[in-house]
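Structure below is entry-v9.cif: mmCIF, C-alpha atoms.
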```
data_query
loop_
_atom_site.label_atom_id
_atom_site.label_comp_id
_atom_site.auth_asym_id
_atom_site.auth_seq_id
_atom_site.Cartn_x
_atom_site.Cartn_y
_atom_site.Cartn_z
CA MET A 130 152.57 190.54 194.66
CA ASN A 131 153.11 188.35 191.57
CA LYS A 132 155.83 190.72 190.44
CA TYR A 133 157.53 190.35 193.81
CA ILE A 134 157.47 186.51 193.63
CA LEU A 135 158.77 186.63 190.05
CA THR A 136 161.69 188.88 191.07
CA VAL A 137 162.64 186.63 194.00
CA LEU A 138 162.45 183.52 191.80
CA THR A 139 164.56 185.13 189.07
CA ALA A 140 167.18 186.17 191.63
CA PHE A 141 167.16 182.69 193.14
CA LEU A 142 167.61 181.02 189.74
CA PHE A 143 170.33 183.50 188.83
CA PHE A 144 172.34 182.82 192.00
CA SER A 145 171.88 179.02 191.78
CA GLY A 146 173.03 179.25 188.16
CA CYS A 147 176.12 181.18 189.28
CA ALA A 148 176.88 178.64 192.03
CA ALA A 149 176.48 175.72 189.60
CA GLY A 150 178.76 177.49 187.12
CA GLU A 151 181.40 178.03 189.82
CA ARG A 152 181.19 174.36 190.86
CA ALA A 153 181.58 173.22 187.26
CA SER A 154 184.59 175.47 186.85
CA ALA A 155 186.20 174.21 190.09
CA ASN A 156 185.59 170.61 188.97
CA ARG A 157 187.12 171.30 185.55
CA GLN A 158 190.16 172.96 187.12
CA LEU A 159 190.67 170.00 189.44
CA ASP A 160 190.27 167.51 186.57
CA GLU A 161 193.02 169.34 184.67
CA LYS A 162 195.36 169.11 187.67
CA LEU A 163 194.58 165.41 188.10
CA ALA A 164 195.34 164.72 184.45
CA ARG A 165 198.82 166.17 184.99
CA GLU A 166 199.45 163.87 188.00
CA THR A 167 201.13 161.02 186.15
CA SER A 168 204.08 160.28 188.43
CA VAL A 169 202.15 158.96 191.46
CA LYS A 170 201.15 155.32 190.97
CA THR A 171 201.76 153.75 194.39
CA ARG A 172 201.66 154.79 198.04
CA ALA A 173 205.46 154.79 198.04
CA ASP A 174 205.39 157.35 195.18
CA LEU A 175 202.94 159.47 197.15
CA ARG A 176 205.10 159.34 200.26
CA LYS A 177 208.16 160.36 198.26
CA GLU A 178 206.20 163.20 196.66
CA ALA A 179 204.98 164.39 200.08
CA THR A 180 208.54 164.43 201.43
CA SER A 181 209.77 166.43 198.44
CA ILE A 182 206.89 168.95 198.70
CA ILE A 183 207.32 169.47 202.46
CA THR A 184 211.07 169.92 202.05
CA THR A 185 210.88 172.42 199.20
CA ALA A 186 207.63 174.34 199.86
CA PRO A 187 208.43 178.06 200.13
CA GLY A 188 207.52 180.12 203.19
CA LEU A 189 207.58 177.34 205.82
CA THR A 190 209.62 177.52 209.02
CA ASP A 191 211.93 174.65 210.05
CA GLN A 192 209.57 173.92 212.93
CA GLN A 193 206.60 173.65 210.56
CA ARG A 194 208.51 171.34 208.20
CA ALA A 195 209.52 169.09 211.11
CA SER A 196 205.94 169.00 212.44
CA LEU A 197 204.57 168.20 208.96
CA MET A 198 207.10 165.36 208.54
CA GLU A 199 206.11 163.98 211.92
CA LEU A 200 202.42 164.17 210.99
CA ARG A 201 203.13 162.48 207.65
CA ASP A 202 204.96 159.62 209.41
CA SER A 203 202.29 159.02 212.04
CA SER A 204 199.44 159.29 209.53
CA SER A 205 201.26 156.99 207.10
CA SER A 206 201.92 154.26 209.68
CA GLU A 207 198.32 154.41 210.93
CA THR A 208 197.06 154.17 207.32
CA ASP A 209 199.34 151.13 206.81
CA ARG A 210 197.90 149.50 209.94
CA LEU A 211 194.31 150.07 208.80
CA THR A 212 195.07 148.91 205.23
CA THR A 213 196.64 145.68 206.51
CA LEU A 214 193.68 145.09 208.82
CA SER A 215 191.23 145.67 205.96
CA LEU A 216 193.16 143.25 203.71
CA LYS A 217 193.19 140.59 206.43
CA LEU A 218 189.46 141.00 207.02
CA ARG A 219 188.84 140.67 203.28
CA SER A 220 190.91 137.50 203.23
CA VAL A 221 188.86 136.08 206.14
CA LEU A 222 185.69 137.11 204.27
CA VAL A 223 186.74 135.28 201.09
CA LYS A 224 187.45 132.11 203.07
CA GLU A 225 184.17 132.34 204.97
CA LEU A 226 182.22 132.87 201.73
CA LEU A 227 183.80 129.81 200.11
CA ASN A 228 183.34 127.69 203.20
CA THR A 229 180.68 125.01 202.58
CA ASN A 230 179.22 125.74 206.03
CA SER A 231 179.36 129.53 205.57
CA ASP A 232 177.64 131.41 208.40
CA PRO A 233 175.61 134.39 207.03
CA GLU A 234 175.75 136.14 210.39
CA LEU A 235 179.53 135.88 210.47
CA VAL A 236 179.72 137.22 206.89
CA ASP A 237 177.60 140.23 207.91
CA LEU A 238 179.80 140.83 210.94
CA ILE A 239 183.00 140.73 208.85
CA LYS A 240 181.41 143.20 206.41
CA ALA A 241 180.53 145.50 209.32
CA ARG A 242 184.15 145.34 210.52
CA ILE A 243 185.48 146.16 207.05
CA LYS A 244 183.10 149.12 206.87
CA LYS A 245 184.30 150.36 210.26
CA VAL A 246 187.96 150.10 209.25
CA GLU A 247 187.30 151.98 206.00
CA GLN A 248 185.44 154.72 207.87
CA GLU A 249 188.35 154.99 210.27
CA ARG A 250 190.68 155.40 207.31
CA VAL A 251 188.66 158.31 205.86
CA SER A 252 188.36 159.84 209.32
CA LEU A 253 192.14 159.62 209.75
CA PHE A 254 192.57 161.31 206.39
CA PHE A 255 190.32 164.22 207.42
CA ARG A 256 192.13 164.51 210.75
CA THR A 257 195.45 164.72 208.91
CA ILE A 258 194.14 167.65 206.86
CA HIS A 259 193.07 169.36 210.11
CA GLY A 260 196.55 168.66 211.48
CA VAL A 261 198.23 170.30 208.48
CA ASN A 262 195.98 173.36 208.75
CA THR A 263 196.73 173.64 212.46
CA ILE A 264 200.50 173.41 211.89
CA LEU A 265 200.29 176.03 209.16
CA GLY A 266 198.15 178.31 211.40
CA ARG A 267 195.16 178.37 209.09
CA TRP A 268 192.47 178.07 211.75
CA GLY A 269 191.01 181.53 212.38
CA SER A 270 189.40 180.47 215.64
CA ARG A 271 188.50 177.46 217.71
CA THR A 272 184.88 177.76 216.50
CA GLU A 273 186.05 177.67 212.88
CA ARG A 274 187.94 174.45 213.58
CA GLU A 275 185.02 172.92 215.45
CA ASN A 276 182.62 173.82 212.62
CA GLN A 277 184.92 172.19 210.07
CA GLU A 278 185.22 169.06 212.20
CA PHE A 279 181.43 168.97 212.56
CA PHE A 280 180.92 169.13 208.78
CA ASP A 281 183.57 166.46 208.21
CA GLN A 282 181.86 164.22 210.73
CA MET A 283 178.57 164.76 208.90
CA MET A 284 180.26 163.83 205.63
CA LEU A 285 181.66 160.67 207.23
CA GLU A 286 178.33 159.65 208.68
CA THR A 287 176.67 159.67 205.27
CA MET A 288 178.62 156.43 204.71
CA ASP A 289 175.91 154.74 206.77
CA LEU A 290 173.35 155.55 204.09
CA TYR A 291 175.23 153.44 201.59
CA TYR A 292 175.81 150.12 203.23
CA MET A 293 174.29 147.47 205.43
CA MET B 165 141.63 149.59 237.73
CA PHE B 166 144.40 148.29 239.93
CA MET B 167 144.00 144.85 238.34
CA LYS B 168 144.29 146.39 234.90
CA MET B 169 147.36 148.38 235.84
CA ASN B 170 148.92 145.37 237.44
CA PHE B 171 148.20 143.29 234.36
CA GLY B 172 149.60 146.03 232.15
CA PHE B 173 152.72 146.25 234.25
CA ASN B 174 153.17 142.47 234.16
CA CYS B 175 152.76 142.43 230.41
CA PHE B 176 155.24 145.27 230.08
CA GLY B 177 157.63 143.55 232.49
CA LEU B 178 157.35 140.30 230.57
CA LEU B 179 157.93 142.07 227.25
CA ALA B 180 160.92 143.96 228.66
CA ALA B 181 162.39 140.76 230.10
CA GLY B 182 161.83 138.97 226.79
CA LEU B 183 163.49 141.79 224.85
CA MET B 184 166.40 141.89 227.27
CA GLY B 185 166.77 138.15 226.85
CA VAL B 186 166.84 138.50 223.06
CA PHE B 187 169.41 141.32 223.23
CA PHE B 188 171.48 139.37 225.73
CA ALA B 189 171.42 136.24 223.56
CA GLN B 190 172.29 138.32 220.48
CA GLY B 191 175.09 140.01 222.39
CA CYS B 192 176.50 136.64 223.46
CA SER B 193 176.27 135.24 219.94
CA HIS B 194 177.93 138.36 218.45
CA GLY B 195 180.59 138.22 221.16
CA ALA B 196 181.49 134.67 220.15
CA LEU B 197 181.51 135.58 216.45
CA ASP B 198 183.60 138.69 217.15
CA LYS B 199 186.12 136.53 218.98
CA LYS B 200 186.17 134.11 216.05
CA ILE B 201 186.89 136.97 213.61
CA ASP B 202 189.70 138.26 215.87
CA GLU B 203 191.28 134.81 215.90
CA GLU B 204 190.99 134.39 212.15
CA VAL B 205 192.45 137.86 211.53
CA ALA B 206 195.37 137.04 213.85
CA GLN B 207 196.04 133.89 211.81
CA GLU B 208 196.20 135.90 208.57
CA SER B 209 199.93 136.46 208.79
CA THR B 210 200.67 136.09 205.09
CA VAL B 211 198.34 138.81 203.78
CA LYS B 212 200.09 142.18 203.91
CA THR B 213 199.57 143.66 200.45
CA HIS B 214 196.91 143.68 197.72
CA ASN B 215 199.02 141.15 195.77
CA ASP B 216 199.08 138.82 198.79
CA LEU B 217 195.30 139.03 198.96
CA THR B 218 194.96 138.24 195.25
CA ASN B 219 197.31 135.22 195.58
CA GLU B 220 195.54 133.99 198.68
CA GLY B 221 192.16 134.41 196.93
CA THR B 222 193.36 132.34 193.95
CA GLN B 223 194.65 129.60 196.22
CA VAL B 224 191.47 129.46 198.31
CA LEU B 225 189.29 129.46 195.22
CA ASN B 226 191.28 126.68 193.51
CA SER B 227 191.16 124.45 196.57
CA ALA B 228 187.55 125.25 197.61
CA GLN B 229 185.48 122.11 198.18
CA GLY B 230 182.20 121.34 196.43
CA LEU B 231 182.36 123.97 193.69
CA SER B 232 181.68 123.16 190.05
CA ALA B 233 184.15 124.23 187.34
CA GLU B 234 181.56 126.76 186.15
CA GLN B 235 181.19 128.29 189.62
CA LYS B 236 184.97 128.57 189.98
CA GLN B 237 185.24 130.26 186.59
CA LYS B 238 182.44 132.71 187.40
CA LEU B 239 184.06 133.57 190.73
CA LYS B 240 187.43 134.09 189.01
CA ASP B 241 185.78 136.39 186.44
CA LEU B 242 184.04 138.31 189.22
CA ARG B 243 187.32 138.72 191.10
CA THR B 244 189.17 139.90 187.96
CA SER B 245 186.48 142.47 187.23
CA VAL B 246 186.29 143.76 190.82
CA THR B 247 190.08 143.88 191.22
CA GLY B 248 190.35 145.97 188.04
CA GLN B 249 187.69 148.42 189.20
CA LEU B 250 189.23 148.70 192.67
CA ALA B 251 192.66 149.38 191.15
CA ASP B 252 191.09 152.15 189.07
CA ILE B 253 189.54 153.80 192.13
CA TYR B 254 192.82 153.41 194.05
CA GLU B 255 194.76 155.17 191.31
CA LYS B 256 192.25 158.04 191.23
CA SER B 257 192.47 158.33 194.99
CA LEU B 258 196.30 158.51 194.90
CA ARG B 259 196.16 161.27 192.29
CA LEU B 260 193.67 163.24 194.38
CA ARG B 261 195.92 162.89 197.43
CA SER B 262 198.91 164.08 195.44
CA VAL B 263 197.07 167.23 194.31
CA LEU B 264 195.82 167.70 197.87
CA ILE B 265 199.34 167.67 199.36
CA LYS B 266 200.36 170.42 196.95
CA ASP B 267 197.22 172.43 197.71
CA LEU B 268 197.66 172.11 201.45
CA VAL B 269 201.16 173.56 201.55
CA ALA B 270 200.54 176.16 198.82
CA LYS B 271 200.88 179.80 199.87
CA ASP B 272 197.57 180.78 198.27
CA TYR B 273 195.50 178.12 200.01
CA ASN B 274 192.40 177.24 197.96
CA GLU B 275 189.92 176.02 200.54
CA ASP B 276 187.18 175.31 197.98
CA GLU B 277 189.46 173.02 196.02
CA VAL B 278 190.53 171.21 199.20
CA GLU B 279 186.86 170.64 200.09
CA LEU B 280 186.20 169.41 196.55
CA ILE B 281 189.10 166.93 196.82
CA LYS B 282 187.84 165.74 200.20
CA SER B 283 184.37 165.09 198.83
CA ARG B 284 185.80 163.25 195.81
CA ILE B 285 188.01 161.08 198.02
CA LYS B 286 185.02 160.33 200.25
CA TYR B 287 182.98 159.46 197.14
CA ASN B 288 185.75 157.11 195.93
CA GLU B 289 185.93 155.36 199.30
CA ASP B 290 182.14 154.91 199.33
CA LYS B 291 182.28 153.51 195.81
CA ARG B 292 185.11 151.13 196.76
CA LEU B 293 183.21 149.73 199.71
CA SER B 294 180.00 149.49 197.72
CA LEU B 295 181.86 147.59 194.99
CA MET B 296 183.29 145.13 197.53
CA PHE B 297 179.94 144.45 199.17
CA GLU B 298 178.20 144.16 195.82
CA ALA B 299 180.82 141.53 194.89
CA VAL B 300 179.97 139.61 198.07
CA ASP B 301 176.30 139.53 197.03
CA LYS B 302 177.24 138.41 193.51
CA ALA B 303 179.52 135.68 194.91
CA LYS B 304 176.64 134.46 197.07
CA THR B 305 174.40 134.26 194.00
CA ILE B 306 177.07 132.25 192.13
CA LEU B 307 177.34 129.94 195.16
CA GLY B 308 173.56 129.49 195.21
CA ARG B 309 173.10 131.40 198.45
CA ASN B 310 170.91 134.08 196.92
CA ILE B 311 168.31 133.51 199.64
CA GLU B 312 170.57 135.77 201.68
CA VAL B 313 170.58 138.39 198.89
CA ASN B 314 166.79 138.21 198.74
CA ARG B 315 166.68 138.70 202.51
CA HIS B 316 168.69 141.93 202.12
CA ILE B 317 166.41 143.14 199.33
CA VAL B 318 163.35 142.52 201.50
CA GLU B 319 165.04 144.22 204.49
CA ASP B 320 166.01 147.22 202.37
CA PHE B 321 162.46 147.45 201.08
CA MET B 322 160.98 147.22 204.58
CA GLU B 323 163.36 149.92 205.85
CA GLY B 324 162.41 152.26 203.01
CA GLY B 325 165.43 151.44 200.86
CA HIS B 326 169.03 152.62 200.98
CA GLY B 327 168.99 154.95 198.02
CA GLY B 328 172.79 155.15 197.86
CA ARG B 329 173.38 151.48 197.43
CA GLU B 330 174.81 151.10 193.95
#
```
Here is the file; what I need is its structure written in the form of C-alpha cells.
Amino acid sequence: MNKYILTVLTAFLFFSGCAAGERASANRQLDEKLARETSVKTRADLRKEATSIITTAPGLTDQQRASLMELRDSSSSETDRLTTLSLKLRSVLVKELLNTNSDPELVDLIKARIKKVEQERVSLFFRTIHGVNTILGRWGSRTERENQEFFDQMMLETMDLYYM
Amino acid sequence: MFMKMNFGFNCFGLLAAGLMGVFFAQGCSHGALDKKIDEEVAQESTVKTHNDLTNEGTQVLNSAQGLSAEQKQKLKDLRTSVTGQLADIYEKSLRLRSVLIKDLVAKDYNEDEVELIKSRIKYNEDKRLSLMFEAVDKAKTILGRNIEVNRHIVEDFMEGGHGGRE
C-alpha cells in the first residue's frame, strides 16, 4: 500500500516538475522575444506594425487580410474611446480628490467606473484575439470557442478579487 | 400559534420594507451621483491624451485651495512616481501586444505562448489599476482623509481580506 502511494506521489512530483520546467522555458522564450521588441513605443507604432504584419504575413488570402484590417480598425477605435473615457474619469477623480468638500461616496463611484472601463478594455482585447482566430479559421468547433470564451471570462472576473 | 405567525410575518414584512427603503434610498443617491459623474465627464473636453491628463493634474494641484506647500509637494512626488510606474507598465503592455500580433498571424500558431501573453497583459492591467487606486489612498492620507483609508482596511478585514490587493 505504502509502495503504491510512494509511486503515485513520485509520478505526481515528476509531472509537476515537468510542467513547471515547460512554463519556465515558455516564459524565458517570451522574455527573449520581448527584449527584441524595441521599435514599438507608442500605440501609433503598434498600429503601424500591425498594418505591416497583416499586409506581409505569408499564407493569408485577400479576404482574410481585409477582414483583419477591418477588425484592427474597429478594435483600435473602440480602444481609443475607452482610453479617452478612462482618462476623463481619472481627471474627474483628481479634481474630486482635491476638492475641499470631497465626497467619499463619489470618489468610490468614480473608482468603480474606472475599474469597469478597464475591464471592458481587457475584454475587448480578448474578443479581438477571438476575432483573429475566427478569421484565420483556427476554431476547431463551436464548443472549443465557447470553452475558450468561458476561460477568458473567468480570467477577467478575477479582477474583482483585486479591487474595491 | 396564529398570533406568533402573524407577528413573525409582520416583523419580516417590516424588515423587508425597511431593507427596500434602504436600497431605494441608496439607488436614488447613486443615481444622482452617477448623473453628476456623467456631467463632469462630459465637461472634460480638454483631456484626450496622457499628456493632457498630466497637464490638467498639474494645473489643478497648483490652484487647489487650502493645501499647504508640503502637501502640494508630496502630491507632486506621488504623481511623478505613479506616472513613471504607469509608463513602465504601458511600455511592457505595448511590447507584449506587438509580439502577440506576430504570434497570431504566424503559420505555426503557438497557442501556449498566446495564452501566456494574455495572462501577462491581464496581470499588467491589474497592476495598473491597483497602482492607480493605491495612489488614491495615498493622496487621501496626504490630504488628511485617512479615516477613509482606515474604513477600507476595516472593511477588507471584515470581508476576509482581498489577498490580491497590492
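One distance worth recording is that between CA of Val263 (chain B) and CA of Leu163 (chain A), which is 6.9 Å.
Across B:Ile253, B:Leu260, B:Leu242, B:Ala299, the tightest approach to chain A is made by B:Leu260 when counting all atoms listed in the file.
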- [ ] Work out how far apart CA of Gly188 (chain A) and CA of Ala270 (chain B) are and give it in Å to one decimal.
- [x] 9.1 Å
- [ ] Show which residues sit within 12 Å of Val169 (chain A), as a list in words. Count only C-alpha atoms, and ignore same-chain residues fewer than 4 positions away.
- [x]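 Within the cut-off, the hits are Leu163, Ala164, Arg165, Ala173, Asp174, Leu175, Arg176, Lys177, Glu178 and Ala179 of chain A; Tyr254, Glu255, Lys256, Ser257, Leu258, Arg259, Leu260, Arg261, Ser262 and Val263 of chain B.
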Task: Nearest-residue call for chain A, choices B:Ala233, B:Ile265, B:Ile306, B:Leu250, using all atoms listed in the file - done: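 Result for the nearest residue to chain A: B:Ile265.
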Task: Hits of the PyMOL selection byres ((chain A and resi 184-187) around 12) in this structure, as a VMD selection string - done: (chain A and resid 177 to 183 188 to 198 265) or (chain B and resid 265 to 272)
Open item on the list: Could you check the closest approach to Phe297 (chain B) for each of B:Ala251, B:Val246, B:Leu264, B:Ile281 and tell me which residue wins, using all atoms listed in the file?
Closed with: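 Nearest to Phe297 (chain B): B:Val246.
Here CA of Leu216 (chain A) is placed at a distance of 6.7 Å from CA of Leu217 (chain B).
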Task: Minimum-distance residue to chain A, chosen among B:Arg243, B:Asn288, B:Glu277, B:Gln249 (using all atoms listed in the file) - done: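 Among the listed residues, B:Glu277 lies closest to chain A.
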TODO: List the neighbours of Gln207 (chain B) out to 12 Å using only C-alpha atoms; skip same-chain residues closer than 3 positions along the sequence, and give me the result as an MDAnalysis selection string.
DONE: (chainID A and resid 214 217:218 220:221) or (chainID B and resid 200:204 210:211)
Starting from the PyMOL selection byres ((chain A and resi 204-206) around 12), expand the selection into actual residues of this file and give them as a PDB file with C-alpha atoms, keeping the file's coordinate frame.
```
ATOM      1  CA  ARG A 172     201.660 154.790 198.040  1.00  0.00           C
ATOM      2  CA  ALA A 173     205.460 154.790 198.040  1.00  0.00           C
ATOM      3  CA  LEU A 175     202.940 159.470 197.150  1.00  0.00           C
ATOM      4  CA  ARG A 176     205.100 159.340 200.260  1.00  0.00           C
ATOM      5  CA  LYS A 177     208.160 160.360 198.260  1.00  0.00           C
ATOM      6  CA  ALA A 179     204.980 164.390 200.080  1.00  0.00           C
ATOM      7  CA  THR A 180     208.540 164.430 201.430  1.00  0.00           C
ATOM      8  CA  LEU A 197     204.570 168.200 208.960  1.00  0.00           C
ATOM      9  CA  MET A 198     207.100 165.360 208.540  1.00  0.00           C
ATOM     10  CA  GLU A 199     206.110 163.980 211.920  1.00  0.00           C
ATOM     11  CA  LEU A 200     202.420 164.170 210.990  1.00  0.00           C
ATOM     12  CA  ARG A 201     203.130 162.480 207.650  1.00  0.00           C
ATOM     13  CA  ASP A 202     204.960 159.620 209.410  1.00  0.00           C
ATOM     14  CA  SER A 203     202.290 159.020 212.040  1.00  0.00           C
ATOM     15  CA  GLU A 207     198.320 154.410 210.930  1.00  0.00           C
ATOM     16  CA  THR A 208     197.060 154.170 207.320  1.00  0.00           C
ATOM     17  CA  ASP A 209     199.340 151.130 206.810  1.00  0.00           C
ATOM     18  CA  ARG A 210     197.900 149.500 209.940  1.00  0.00           C
ATOM     19  CA  LEU A 211     194.310 150.070 208.800  1.00  0.00           C
ATOM     20  CA  THR A 212     195.070 148.910 205.230  1.00  0.00           C
ATOM     21  CA  THR A 213     196.640 145.680 206.510  1.00  0.00           C
ATOM     22  CA  GLU A 249     188.350 154.990 210.270  1.00  0.00           C
ATOM     23  CA  ARG A 250     190.680 155.400 207.310  1.00  0.00           C
ATOM     24  CA  VAL A 251     188.660 158.310 205.860  1.00  0.00           C
ATOM     25  CA  SER A 252     188.360 159.840 209.320  1.00  0.00           C
ATOM     26  CA  LEU A 253     192.140 159.620 209.750  1.00  0.00           C
ATOM     27  CA  PHE A 254     192.570 161.310 206.390  1.00  0.00           C
ATOM     28  CA  PHE A 255     190.320 164.220 207.420  1.00  0.00           C
ATOM     29  CA  ARG A 256     192.130 164.510 210.750  1.00  0.00           C
ATOM     30  CA  THR A 257     195.450 164.720 208.910  1.00  0.00           C
ATOM     31  CA  ILE A 258     194.140 167.650 206.860  1.00  0.00           C
ATOM     32  CA  HIS A 259     193.070 169.360 210.110  1.00  0.00           C
ATOM     33  CA  GLY A 260     196.550 168.660 211.480  1.00  0.00           C
ATOM     34  CA  VAL A 261     198.230 170.300 208.480  1.00  0.00           C
TER      35      VAL A 261
END
```
Would you pull region 267-289 of chain B out of the block just shown and save N, CA, C and O atoms as a CSV table (one decimal), in the first residue's frame?
```csv
chain,number,residue,atom,x,y,z
B,267,ASP,N,2.5,36.6,-33.3
B,267,ASP,CA,2.2,35.2,-33.0
B,267,ASP,C,0.8,34.8,-33.6
B,267,ASP,O,0.6,33.7,-34.1
B,268,LEU,N,-0.1,35.8,-33.6
B,268,LEU,CA,-1.5,35.5,-34.1
B,268,LEU,C,-1.5,35.2,-35.6
B,268,LEU,O,-2.3,34.3,-36.0
B,269,VAL,N,-0.7,35.9,-36.3
B,269,VAL,CA,-0.7,35.6,-37.8
B,269,VAL,C,0.3,34.6,-38.3
B,269,VAL,O,0.4,34.4,-39.5
B,270,ALA,N,1.1,34.1,-37.3
B,270,ALA,CA,2.2,33.2,-37.7
B,270,ALA,C,1.6,31.9,-38.2
B,270,ALA,O,0.5,31.5,-37.7
B,271,LYS,N,2.3,31.2,-39.1
B,271,LYS,CA,1.7,30.0,-39.7
B,271,LYS,C,1.7,28.9,-38.6
B,271,LYS,O,0.7,28.1,-38.5
B,272,ASP,N,2.8,28.8,-37.9
B,272,ASP,CA,2.9,27.8,-36.8
B,272,ASP,C,2.4,28.4,-35.5
B,272,ASP,O,3.2,28.8,-34.7
B,273,TYR,N,1.1,28.5,-35.4
B,273,TYR,CA,0.4,29.2,-34.3
B,273,TYR,C,0.8,28.5,-32.9
B,273,TYR,O,0.6,27.3,-32.8
B,274,ASN,N,1.4,29.3,-32.0
B,274,ASN,CA,1.8,28.8,-30.7
B,274,ASN,C,0.7,29.2,-29.7
B,274,ASN,O,0.8,30.3,-29.1
B,275,GLU,N,-0.2,28.4,-29.5
B,275,GLU,CA,-1.4,28.7,-28.6
B,275,GLU,C,-0.9,28.9,-27.1
B,275,GLU,O,-1.4,29.8,-26.5
B,276,ASP,N,0.1,28.1,-26.7
B,276,ASP,CA,0.6,28.3,-25.3
B,276,ASP,C,1.2,29.7,-25.1
B,276,ASP,O,1.0,30.3,-24.1
B,277,GLU,N,1.9,30.1,-26.1
B,277,GLU,CA,2.6,31.4,-26.0
B,277,GLU,C,1.5,32.6,-26.0
B,277,GLU,O,1.6,33.5,-25.2
B,278,VAL,N,0.5,32.4,-26.8
B,278,VAL,CA,-0.6,33.4,-26.9
B,278,VAL,C,-1.3,33.4,-25.5
B,278,VAL,O,-1.6,34.5,-25.0
B,279,GLU,N,-1.6,32.3,-24.9
B,279,GLU,CA,-2.2,32.3,-23.6
B,279,GLU,C,-1.3,32.9,-22.5
B,279,GLU,O,-1.8,33.6,-21.7
B,280,LEU,N,0.0,32.7,-22.7
B,280,LEU,CA,1.0,33.3,-21.7
B,280,LEU,C,0.9,34.8,-21.9
B,280,LEU,O,0.9,35.5,-20.9
B,281,ILE,N,0.9,35.3,-23.1
B,281,ILE,CA,0.9,36.7,-23.4
B,281,ILE,C,-0.4,37.3,-22.8
B,281,ILE,O,-0.4,38.4,-22.1
B,282,LYS,N,-1.5,36.6,-23.0
B,282,LYS,CA,-2.8,37.1,-22.5
B,282,LYS,C,-2.8,37.2,-21.0
B,282,LYS,O,-3.2,38.2,-20.4
B,283,SER,N,-2.2,36.2,-20.3
B,283,SER,CA,-2.2,36.3,-18.8
B,283,SER,C,-1.2,37.4,-18.4
B,283,SER,O,-1.5,38.1,-17.4
B,284,ARG,N,-0.2,37.6,-19.1
B,284,ARG,CA,0.7,38.7,-18.7
B,284,ARG,C,0.1,40.1,-18.9
B,284,ARG,O,0.3,41.0,-18.1
B,285,ILE,N,-0.6,40.2,-20.0
B,285,ILE,CA,-1.3,41.5,-20.3
B,285,ILE,C,-2.4,41.7,-19.2
B,285,ILE,O,-2.5,42.8,-18.7
B,286,LYS,N,-3.1,40.7,-18.8
B,286,LYS,CA,-4.1,40.8,-17.8
B,286,LYS,C,-3.5,41.2,-16.5
B,286,LYS,O,-4.0,42.1,-15.7
B,287,TYR,N,-2.3,40.6,-16.2
B,287,TYR,CA,-1.6,40.9,-15.0
B,287,TYR,C,-1.2,42.4,-15.0
B,287,TYR,O,-1.3,43.1,-14.0
B,288,ASN,N,-0.7,42.8,-16.1
B,288,ASN,CA,-0.2,44.2,-16.2
B,288,ASN,C,-1.4,45.2,-16.0
B,288,ASN,O,-1.3,46.2,-15.3
B,289,GLU,N,-2.6,44.8,-16.6
B,289,GLU,CA,-3.7,45.7,-16.4
B,289,GLU,C,-4.2,45.7,-14.9
B,289,GLU,O,-4.6,46.8,-14.4
```
